[in-house]
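S.K.: File entry-v9.pdb follows (PDB, C-alpha atoms):
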```
ATOM      1  CA  MET A   1     187.165-126.899 -59.721  1.00  0.00           C
ATOM      2  CA  SER A   2     185.930-130.468 -59.135  1.00  0.00           C
ATOM      3  CA  GLU A   3     187.539-130.938 -55.703  1.00  0.00           C
ATOM      4  CA  GLN A   4     184.821-129.029 -53.847  1.00  0.00           C
ATOM      5  CA  ILE A   5     181.809-130.230 -55.823  1.00  0.00           C
ATOM      6  CA  LYS A   6     179.723-133.361 -55.697  1.00  0.00           C
ATOM      7  CA  ALA A   7     176.739-134.009 -57.923  1.00  0.00           C
ATOM      8  CA  VAL A   8     173.397-135.627 -57.141  1.00  0.00           C
ATOM      9  CA  VAL A   9     171.670-136.954 -60.259  1.00  0.00           C
ATOM     10  CA  LEU A  10     167.973-137.715 -59.852  1.00  0.00           C
ATOM     11  CA  ALA A  11     167.360-140.971 -61.713  1.00  0.00           C
ATOM     12  CA  ALA A  12     164.646-142.810 -59.785  1.00  0.00           C
ATOM     13  CA  GLY A  13     161.642-142.242 -62.036  1.00  0.00           C
ATOM     14  CA  LYS A  14     159.543-144.878 -63.716  1.00  0.00           C
ATOM     15  CA  GLY A  15     158.452-142.767 -66.695  1.00  0.00           C
ATOM     16  CA  THR A  16     154.861-143.974 -66.670  1.00  0.00           C
ATOM     17  CA  ARG A  17     153.810-142.030 -69.769  1.00  0.00           C
ATOM     18  CA  LEU A  18     156.781-143.428 -71.691  1.00  0.00           C
ATOM     19  CA  GLN A  19     155.694-146.977 -70.890  1.00  0.00           C
ATOM     20  CA  GLN A  20     152.554-146.769 -72.967  1.00  0.00           C
ATOM     21  CA  GLU A  21     154.771-148.212 -75.716  1.00  0.00           C
ATOM     22  CA  GLY A  22     155.184-151.416 -73.697  1.00  0.00           C
ATOM     23  CA  ILE A  23     158.833-150.687 -72.779  1.00  0.00           C
ATOM     24  CA  THR A  24     159.335-151.025 -69.022  1.00  0.00           C
ATOM     25  CA  LEU A  25     162.846-149.613 -68.659  1.00  0.00           C
ATOM     26  CA  PRO A  26     163.445-146.873 -66.080  1.00  0.00           C
ATOM     27  CA  LYS A  27     163.009-143.452 -67.658  1.00  0.00           C
ATOM     28  CA  VAL A  28     166.733-142.605 -67.582  1.00  0.00           C
ATOM     29  CA  MET A  29     167.528-145.859 -69.402  1.00  0.00           C
ATOM     30  CA  ARG A  30     165.318-145.063 -72.382  1.00  0.00           C
ATOM     31  CA  ARG A  31     167.487-144.617 -75.448  1.00  0.00           C
ATOM     32  CA  ALA A  32     167.840-141.585 -77.679  1.00  0.00           C
ATOM     33  CA  ALA A  33     170.175-141.587 -80.682  1.00  0.00           C
ATOM     34  CA  GLY A  34     171.442-145.010 -79.609  1.00  0.00           C
ATOM     35  CA  ARG A  35     172.325-144.250 -75.985  1.00  0.00           C
ATOM     36  CA  PRO A  36     170.483-144.102 -72.635  1.00  0.00           C
ATOM     37  CA  LEU A  37     169.389-140.633 -71.547  1.00  0.00           C
ATOM     38  CA  LEU A  38     171.526-140.922 -68.422  1.00  0.00           C
ATOM     39  CA  ASP A  39     174.603-141.529 -70.581  1.00  0.00           C
ATOM     40  CA  TYR A  40     174.472-137.998 -71.946  1.00  0.00           C
ATOM     41  CA  VAL A  41     174.020-136.472 -68.500  1.00  0.00           C
ATOM     42  CA  LEU A  42     177.010-138.291 -67.051  1.00  0.00           C
ATOM     43  CA  GLU A  43     179.105-137.375 -70.076  1.00  0.00           C
ATOM     44  CA  SER A  44     178.374-133.682 -69.425  1.00  0.00           C
ATOM     45  CA  LEU A  45     179.437-134.195 -65.803  1.00  0.00           C
ATOM     46  CA  ASP A  46     182.766-135.779 -66.741  1.00  0.00           C
ATOM     47  CA  PHE A  47     184.638-132.888 -65.096  1.00  0.00           C
ATOM     48  CA  LEU A  48     183.821-134.745 -61.856  1.00  0.00           C
ATOM     49  CA  PRO A  49     185.255-138.135 -60.881  1.00  0.00           C
ATOM     50  CA  ARG A  50     182.532-140.777 -60.802  1.00  0.00           C
ATOM     51  CA  GLU A  51     182.957-141.286 -57.059  1.00  0.00           C
ATOM     52  CA  ASP A  52     181.699-137.706 -56.631  1.00  0.00           C
ATOM     53  CA  ILE A  53     178.501-138.304 -58.612  1.00  0.00           C
ATOM     54  CA  VAL A  54     175.648-139.808 -56.595  1.00  0.00           C
ATOM     55  CA  LEU A  55     172.871-141.506 -58.556  1.00  0.00           C
ATOM     56  CA  VAL A  56     169.482-141.480 -56.839  1.00  0.00           C
ATOM     57  CA  VAL A  57     167.778-144.609 -58.141  1.00  0.00           C
ATOM     58  CA  GLY A  58     164.399-146.205 -57.538  1.00  0.00           C
ATOM     59  CA  TYR A  59     162.289-147.958 -60.150  1.00  0.00           C
ATOM     60  CA  ARG A  60     164.188-151.003 -61.476  1.00  0.00           C
ATOM     61  CA  LYS A  61     167.330-149.709 -59.826  1.00  0.00           C
ATOM     62  CA  GLU A  62     169.240-152.854 -60.754  1.00  0.00           C
ATOM     63  CA  ASP A  63     169.101-151.857 -64.447  1.00  0.00           C
ATOM     64  CA  VAL A  64     170.658-148.465 -63.738  1.00  0.00           C
ATOM     65  CA  LEU A  65     173.312-149.810 -61.379  1.00  0.00           C
ATOM     66  CA  ALA A  66     174.306-152.585 -63.780  1.00  0.00           C
ATOM     67  CA  ALA A  67     174.780-150.070 -66.586  1.00  0.00           C
ATOM     68  CA  TYR A  68     176.728-147.582 -64.443  1.00  0.00           C
ATOM     69  CA  PRO A  69     178.890-149.471 -61.940  1.00  0.00           C
ATOM     70  CA  GLY A  70     181.285-147.474 -59.817  1.00  0.00           C
ATOM     71  CA  TYR A  71     178.897-144.613 -59.103  1.00  0.00           C
ATOM     72  CA  PRO A  72     177.711-144.143 -55.509  1.00  0.00           C
ATOM     73  CA  ALA A  73     173.974-144.774 -55.388  1.00  0.00           C
ATOM     74  CA  ALA A  74     171.153-143.941 -53.015  1.00  0.00           C
ATOM     75  CA  GLU A  75     167.726-145.549 -53.232  1.00  0.00           C
ATOM     76  CA  GLN A  76     164.563-143.452 -53.169  1.00  0.00           C
ATOM     77  CA  SER A  77     161.689-145.672 -52.127  1.00  0.00           C
ATOM     78  CA  PRO A  78     158.951-144.614 -51.968  1.00  0.00           C
ATOM     79  CA  GLN A  79     159.387-141.612 -54.247  1.00  0.00           C
ATOM     80  CA  LEU A  80     158.102-138.546 -52.430  1.00  0.00           C
ATOM     81  CA  GLY A  81     159.312-135.699 -54.623  1.00  0.00           C
ATOM     82  CA  THR A  82     162.532-134.006 -55.652  1.00  0.00           C
ATOM     83  CA  GLY A  83     163.355-132.722 -52.170  1.00  0.00           C
ATOM     84  CA  HIS A  84     162.949-136.233 -50.809  1.00  0.00           C
ATOM     85  CA  ALA A  85     165.255-137.556 -53.549  1.00  0.00           C
ATOM     86  CA  VAL A  86     168.056-135.242 -52.416  1.00  0.00           C
ATOM     87  CA  GLN A  87     167.368-136.170 -48.782  1.00  0.00           C
ATOM     88  CA  CYS A  88     167.967-139.812 -49.746  1.00  0.00           C
ATOM     89  CA  ALA A  89     171.429-138.865 -51.072  1.00  0.00           C
ATOM     90  CA  LEU A  90     172.539-137.048 -47.901  1.00  0.00           C
ATOM     91  CA  PRO A  91     174.101-140.079 -46.162  1.00  0.00           C
ATOM     92  CA  LEU A  92     176.530-140.336 -49.081  1.00  0.00           C
ATOM     93  CA  LEU A  93     177.471-136.661 -48.605  1.00  0.00           C
ATOM     94  CA  GLU A  94     178.157-136.961 -44.884  1.00  0.00           C
ATOM     95  CA  GLY A  95     181.089-134.780 -43.823  1.00  0.00           C
ATOM     96  CA  PHE A  96     181.224-132.998 -47.176  1.00  0.00           C
ATOM     97  CA  GLY A  97     181.382-129.217 -46.859  1.00  0.00           C
ATOM     98  CA  GLY A  98     181.637-128.074 -50.465  1.00  0.00           C
ATOM     99  CA  ASP A  99     178.971-127.478 -53.086  1.00  0.00           C
ATOM    100  CA  VAL A 100     176.288-129.898 -54.248  1.00  0.00           C
ATOM    101  CA  LEU A 101     175.067-129.852 -57.844  1.00  0.00           C
ATOM    102  CA  VAL A 102     171.539-131.212 -58.236  1.00  0.00           C
ATOM    103  CA  CYS A 103     170.506-132.215 -61.749  1.00  0.00           C
ATOM    104  CA  TYR A 104     168.311-134.662 -63.620  1.00  0.00           C
ATOM    105  CA  GLY A 105     169.048-137.905 -65.404  1.00  0.00           C
ATOM    106  CA  ASP A 106     166.360-137.284 -68.031  1.00  0.00           C
ATOM    107  CA  MET A 107     167.781-133.959 -69.330  1.00  0.00           C
ATOM    108  CA  PRO A 108     170.317-135.218 -71.884  1.00  0.00           C
ATOM    109  CA  LEU A 109     170.743-131.931 -73.760  1.00  0.00           C
ATOM    110  CA  MET A 110     172.352-130.029 -70.873  1.00  0.00           C
ATOM    111  CA  ARG A 111     175.938-129.182 -71.832  1.00  0.00           C
ATOM    112  CA  ARG A 112     179.073-129.254 -69.697  1.00  0.00           C
ATOM    113  CA  GLU A 113     179.598-125.556 -70.479  1.00  0.00           C
ATOM    114  CA  THR A 114     176.258-124.696 -68.892  1.00  0.00           C
ATOM    115  CA  TYR A 115     177.052-126.568 -65.683  1.00  0.00           C
ATOM    116  CA  GLU A 116     180.385-124.739 -65.584  1.00  0.00           C
ATOM    117  CA  SER A 117     178.666-121.355 -66.036  1.00  0.00           C
ATOM    118  CA  LEU A 118     176.445-122.220 -63.076  1.00  0.00           C
ATOM    119  CA  MET A 119     179.503-123.015 -60.959  1.00  0.00           C
ATOM    120  CA  ARG A 120     181.249-119.781 -61.902  1.00  0.00           C
ATOM    121  CA  THR A 121     178.218-117.671 -61.024  1.00  0.00           C
ATOM    122  CA  HIS A 122     177.799-119.504 -57.727  1.00  0.00           C
ATOM    123  CA  ARG A 123     181.384-118.903 -56.650  1.00  0.00           C
ATOM    124  CA  GLU A 124     181.743-115.365 -57.932  1.00  0.00           C
ATOM    125  CA  GLU A 125     178.605-114.294 -56.053  1.00  0.00           C
ATOM    126  CA  GLY A 126     179.269-116.389 -52.939  1.00  0.00           C
ATOM    127  CA  ASN A 127     175.722-117.781 -52.936  1.00  0.00           C
ATOM    128  CA  TRP A 128     174.182-120.382 -50.699  1.00  0.00           C
ATOM    129  CA  CYS A 129     172.190-121.459 -53.742  1.00  0.00           C
ATOM    130  CA  THR A 130     172.415-120.657 -57.428  1.00  0.00           C
ATOM    131  CA  LEU A 131     169.671-121.909 -59.692  1.00  0.00           C
ATOM    132  CA  LEU A 132     169.956-122.355 -63.430  1.00  0.00           C
ATOM    133  CA  SER A 133     167.337-120.568 -65.497  1.00  0.00           C
ATOM    134  CA  GLY A 134     166.614-120.007 -69.155  1.00  0.00           C
ATOM    135  CA  HIS A 135     164.271-117.999 -71.326  1.00  0.00           C
ATOM    136  CA  SER A 136     161.793-119.599 -73.684  1.00  0.00           C
ATOM    137  CA  GLU A 137     158.784-118.386 -75.629  1.00  0.00           C
ATOM    138  CA  GLU A 138     157.331-121.904 -75.627  1.00  0.00           C
ATOM    139  CA  GLU A 139     154.555-122.668 -73.156  1.00  0.00           C
ATOM    140  CA  LEU A 140     156.582-125.130 -71.114  1.00  0.00           C
ATOM    141  CA  PRO A 141     155.109-126.359 -67.795  1.00  0.00           C
ATOM    142  CA  TYR A 142     158.079-125.085 -65.773  1.00  0.00           C
ATOM    143  CA  GLY A 143     158.230-122.910 -62.691  1.00  0.00           C
ATOM    144  CA  ARG A 144     158.698-119.184 -63.222  1.00  0.00           C
ATOM    145  CA  VAL A 145     161.610-117.284 -61.674  1.00  0.00           C
ATOM    146  CA  VAL A 146     160.202-114.223 -59.897  1.00  0.00           C
ATOM    147  CA  ARG A 147     162.633-111.377 -59.268  1.00  0.00           C
ATOM    148  CA  ASP A 148     162.243-108.174 -57.259  1.00  0.00           C
ATOM    149  CA  GLY A 149     162.487-104.653 -58.657  1.00  0.00           C
ATOM    150  CA  ALA A 150     166.279-104.760 -58.427  1.00  0.00           C
ATOM    151  CA  GLY A 151     166.452-108.026 -60.401  1.00  0.00           C
ATOM    152  CA  ARG A 152     167.249-110.203 -57.372  1.00  0.00           C
ATOM    153  CA  PHE A 153     165.782-113.662 -56.964  1.00  0.00           C
ATOM    154  CA  GLN A 154     162.573-113.648 -54.958  1.00  0.00           C
ATOM    155  CA  ARG A 155     160.871-117.003 -55.403  1.00  0.00           C
ATOM    156  CA  ILE A 156     159.915-119.811 -57.773  1.00  0.00           C
ATOM    157  CA  VAL A 157     156.256-120.169 -58.681  1.00  0.00           C
ATOM    158  CA  GLU A 158     155.202-123.520 -60.091  1.00  0.00           C
ATOM    159  CA  ASP A 159     153.431-123.354 -63.436  1.00  0.00           C
ATOM    160  CA  ARG A 160     150.138-124.651 -62.038  1.00  0.00           C
ATOM    161  CA  ASP A 161     150.164-121.977 -59.311  1.00  0.00           C
ATOM    162  CA  CYS A 162     150.948-118.973 -61.534  1.00  0.00           C
ATOM    163  CA  THR A 163     148.738-115.922 -61.732  1.00  0.00           C
ATOM    164  CA  PRO A 164     148.199-114.578 -65.272  1.00  0.00           C
ATOM    165  CA  GLU A 165     150.990-112.049 -64.642  1.00  0.00           C
ATOM    166  CA  GLU A 166     153.393-114.743 -63.419  1.00  0.00           C
ATOM    167  CA  LYS A 167     152.415-117.007 -66.318  1.00  0.00           C
ATOM    168  CA  ALA A 168     153.695-114.302 -68.671  1.00  0.00           C
ATOM    169  CA  ILE A 169     157.217-114.467 -67.156  1.00  0.00           C
ATOM    170  CA  ARG A 170     159.536-115.997 -69.729  1.00  0.00           C
ATOM    171  CA  GLU A 171     162.395-116.854 -67.330  1.00  0.00           C
ATOM    172  CA  LEU A 172     161.953-120.505 -66.406  1.00  0.00           C
ATOM    173  CA  ASN A 173     163.449-122.610 -63.646  1.00  0.00           C
ATOM    174  CA  THR A 174     165.282-125.598 -65.156  1.00  0.00           C
ATOM    175  CA  GLY A 175     165.377-127.513 -61.857  1.00  0.00           C
ATOM    176  CA  VAL A 176     169.190-127.555 -61.812  1.00  0.00           C
ATOM    177  CA  TYR A 177     170.828-126.056 -58.703  1.00  0.00           C
ATOM    178  CA  LEU A 178     174.158-125.602 -56.969  1.00  0.00           C
ATOM    179  CA  PHE A 179     173.905-125.519 -53.174  1.00  0.00           C
ATOM    180  CA  ARG A 180     176.317-125.100 -50.321  1.00  0.00           C
ATOM    181  CA  ALA A 181     176.194-128.446 -48.578  1.00  0.00           C
ATOM    182  CA  ASP A 182     175.647-127.328 -44.980  1.00  0.00           C
ATOM    183  CA  PRO A 183     172.723-124.922 -45.583  1.00  0.00           C
ATOM    184  CA  LEU A 184     171.252-127.521 -47.944  1.00  0.00           C
ATOM    185  CA  ARG A 185     171.177-130.120 -45.163  1.00  0.00           C
ATOM    186  CA  GLU A 186     169.526-127.673 -42.780  1.00  0.00           C
ATOM    187  CA  CYS A 187     166.864-126.569 -45.254  1.00  0.00           C
ATOM    188  CA  LEU A 188     166.064-130.090 -46.452  1.00  0.00           C
ATOM    189  CA  SER A 189     165.189-130.934 -42.859  1.00  0.00           C
ATOM    190  CA  GLN A 190     162.617-128.100 -42.905  1.00  0.00           C
ATOM    191  CA  LEU A 191     160.759-129.161 -46.047  1.00  0.00           C
ATOM    192  CA  ARG A 192     157.057-129.804 -45.661  1.00  0.00           C
ATOM    193  CA  CYS A 193     154.762-131.957 -47.754  1.00  0.00           C
ATOM    194  CA  ASP A 194     151.535-130.028 -47.146  1.00  0.00           C
ATOM    195  CA  ASN A 195     150.626-129.845 -50.829  1.00  0.00           C
ATOM    196  CA  ALA A 196     148.189-131.626 -53.111  1.00  0.00           C
ATOM    197  CA  GLN A 197     150.812-134.231 -54.097  1.00  0.00           C
ATOM    198  CA  GLY A 198     152.025-134.867 -50.544  1.00  0.00           C
ATOM    199  CA  GLU A 199     155.615-134.494 -51.746  1.00  0.00           C
ATOM    200  CA  TYR A 200     158.783-132.665 -50.699  1.00  0.00           C
ATOM    201  CA  TYR A 201     160.008-130.213 -53.325  1.00  0.00           C
ATOM    202  CA  ILE A 202     163.567-129.025 -53.880  1.00  0.00           C
ATOM    203  CA  THR A 203     162.034-125.831 -55.326  1.00  0.00           C
ATOM    204  CA  ASP A 204     161.147-124.798 -51.755  1.00  0.00           C
ATOM    205  CA  VAL A 205     164.789-124.809 -50.633  1.00  0.00           C
ATOM    206  CA  PRO A 206     165.908-121.466 -52.182  1.00  0.00           C
ATOM    207  CA  ALA A 207     163.156-119.561 -50.345  1.00  0.00           C
ATOM    208  CA  LEU A 208     164.087-121.322 -47.085  1.00  0.00           C
ATOM    209  CA  MET A 209     167.694-120.229 -47.597  1.00  0.00           C
ATOM    210  CA  LEU A 210     166.615-116.622 -48.171  1.00  0.00           C
ATOM    211  CA  ALA A 211     164.578-116.744 -44.957  1.00  0.00           C
ATOM    212  CA  ARG A 212     167.704-117.878 -43.085  1.00  0.00           C
ATOM    213  CA  GLY A 213     169.669-114.898 -44.399  1.00  0.00           C
ATOM    214  CA  GLY A 214     171.467-116.725 -47.193  1.00  0.00           C
ATOM    215  CA  THR A 215     172.041-115.435 -50.706  1.00  0.00           C
ATOM    216  CA  VAL A 216     170.307-117.006 -53.671  1.00  0.00           C
ATOM    217  CA  GLY A 217     171.432-116.198 -57.185  1.00  0.00           C
ATOM    218  CA  VAL A 218     170.327-117.045 -60.700  1.00  0.00           C
ATOM    219  CA  CYS A 219     172.484-118.117 -63.634  1.00  0.00           C
ATOM    220  CA  ASP A 220     170.370-117.454 -66.727  1.00  0.00           C
ATOM    221  CA  ARG A 221     172.660-119.204 -69.205  1.00  0.00           C
ATOM    222  CA  CYS A 222     170.503-122.187 -70.180  1.00  0.00           C
ATOM    223  CA  ILE A 223     169.410-122.207 -73.816  1.00  0.00           C
ATOM    224  CA  PRO A 224     165.853-123.434 -74.542  1.00  0.00           C
ATOM    225  CA  GLU A 225     166.768-126.867 -75.931  1.00  0.00           C
ATOM    226  CA  GLU A 226     168.923-127.738 -72.921  1.00  0.00           C
ATOM    227  CA  MET A 227     166.031-127.502 -70.491  1.00  0.00           C
ATOM    228  CA  LEU A 228     163.991-130.147 -72.297  1.00  0.00           C
ATOM    229  CA  GLY A 229     163.312-133.240 -70.231  1.00  0.00           C
ATOM    230  CA  VAL A 230     161.722-136.512 -71.299  1.00  0.00           C
ATOM    231  CA  ASN A 231     158.321-137.544 -69.950  1.00  0.00           C
ATOM    232  CA  THR A 232     156.409-138.657 -73.064  1.00  0.00           C
ATOM    233  CA  PRO A 233     157.142-140.508 -76.312  1.00  0.00           C
ATOM    234  CA  ALA A 234     156.800-137.209 -78.188  1.00  0.00           C
ATOM    235  CA  GLN A 235     159.410-135.557 -75.955  1.00  0.00           C
ATOM    236  CA  LEU A 236     161.724-138.532 -76.405  1.00  0.00           C
ATOM    237  CA  ALA A 237     161.439-138.174 -80.178  1.00  0.00           C
ATOM    238  CA  GLN A 238     162.090-134.418 -79.946  1.00  0.00           C
ATOM    239  CA  VAL A 239     165.191-134.921 -77.802  1.00  0.00           C
ATOM    240  CA  GLU A 240     166.438-137.691 -80.083  1.00  0.00           C
ATOM    241  CA  GLU A 241     166.183-135.398 -83.106  1.00  0.00           C
ATOM    242  CA  LEU A 242     168.129-132.646 -81.335  1.00  0.00           C
ATOM    243  CA  LEU A 243     170.829-135.062 -80.161  1.00  0.00           C
ATOM    244  CA  SER A 244     171.196-136.481 -83.663  1.00  0.00           C
ATOM    245  CA  ARG A 245     171.509-132.974 -85.050  1.00  0.00           C
ATOM    246  CA  ARG A 246     174.278-132.183 -82.546  1.00  0.00           C
ATOM    247  CA  SER A 247     176.327-135.236 -83.441  1.00  0.00           C
TER     248      SER A 247
END
```
Would you mind giving the structure from this file in structure tokens?
M.R.:
Amino acid sequence: MSEQIKAVVLAAGKGTRLQQEGITLPKVMRRAAGRPLLDYVLESLDFLPREDIVLVVGYRKEDVLAAYPGYPAAEQSPQLGTGHAVQCALPLLEGFGGDVLVCYGDMPLMRRETYESLMRTHREEGNWCTLLSGHSEEELPYGRVVRDGAGRFQRIVEDRDCTPEEKAIRELNTGVYLFRADPLRECLSQLRCDNAQGEYYITDVPALMLARGGTVGVCDRCIPEEMLGVNTPAQLAQVEELLSRRS
């Protein structure tokens, strides 16, 4: 299974809201239950050899690289969004024609089994892109997965852009994707930054693939706790409690 997959782990963030405590580590190096957040992510990806896992680093990159030697690394500077982060990794994927898993270094609760479910769905359906979704009754600030009347993927609507009807959708986009490498390269080159943040978003890629005639599927196997990321001290404490409970 691992021979045709490479992973891109987004790990460039500063974690500004976490630094109100006076700790200046990169976000993925903040510790929960005694280990850096990134440690848990890489452990869940241990079905891949480390040479097939690209770390996209940025803020205080030397701290991340010193802690995780042997992983290919791409620098994102400046940081212009999630789509830009994956663009920065492309030189390290040159000539690769398999599938590219995109995930986040600050989501330590994601399990290996969930990544594997995503891969199975992707291959069984023959998709250009398969995104990982989950259902939650919490009011999380995540994009909503909009499907058509037949249940097929239509688009992702960011939380801040949702209509009241879309806001009521309980299927959330986790931000984890599996892409075919060649269509991914083509669609990344078409991303635009004409938004309020002036950034390039990986969430725009599935719709671009649909427009090019590709198939986009959804694997709705993520349980609510797995989709939790860490942006604030309160979220770090929540994740730490859940990790401690697991162990």
S.K.: What's the 6 Å shell around segment 210-216 of chain A, counting all atoms listed in the file, without same-chain residues fewer than 5 positions away, as a ChimeraX atom specification?
M.R.: /A:127-130
S.K.: Could you tell me which residues the PyMOL selection byres ((chain A and resi 135) around 12) returns for this structure, as a count of residues only?
M.R.: 28
S.K.: May I ask which of the residues A:Arg17, A:His84, A:Lys6, A:Arg180 is the closest one to Thr203 of chain A, counting all atoms listed in the file?
M.R.: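 The shortest atom-to-atom distance to Thr203 of chain A comes from A:His84.
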S.K.: From the set A:Ala85, A:Ala12, A:Ala234, A:Ala7, which residue has the shortest atom-to-atom contact distance to Asp46 of chain A, counting only C-alpha atoms?
M.R.: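 Of all the options, A:Ala7 lies closest to Asp46 of chain A.
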S.K.: Would you work out the distance separating atom CA of Leu184 of chain A from atom CA of Glu62 of chain A, expressed in Å to one decimal?
M.R.: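 So the answer is 28.5 Å.
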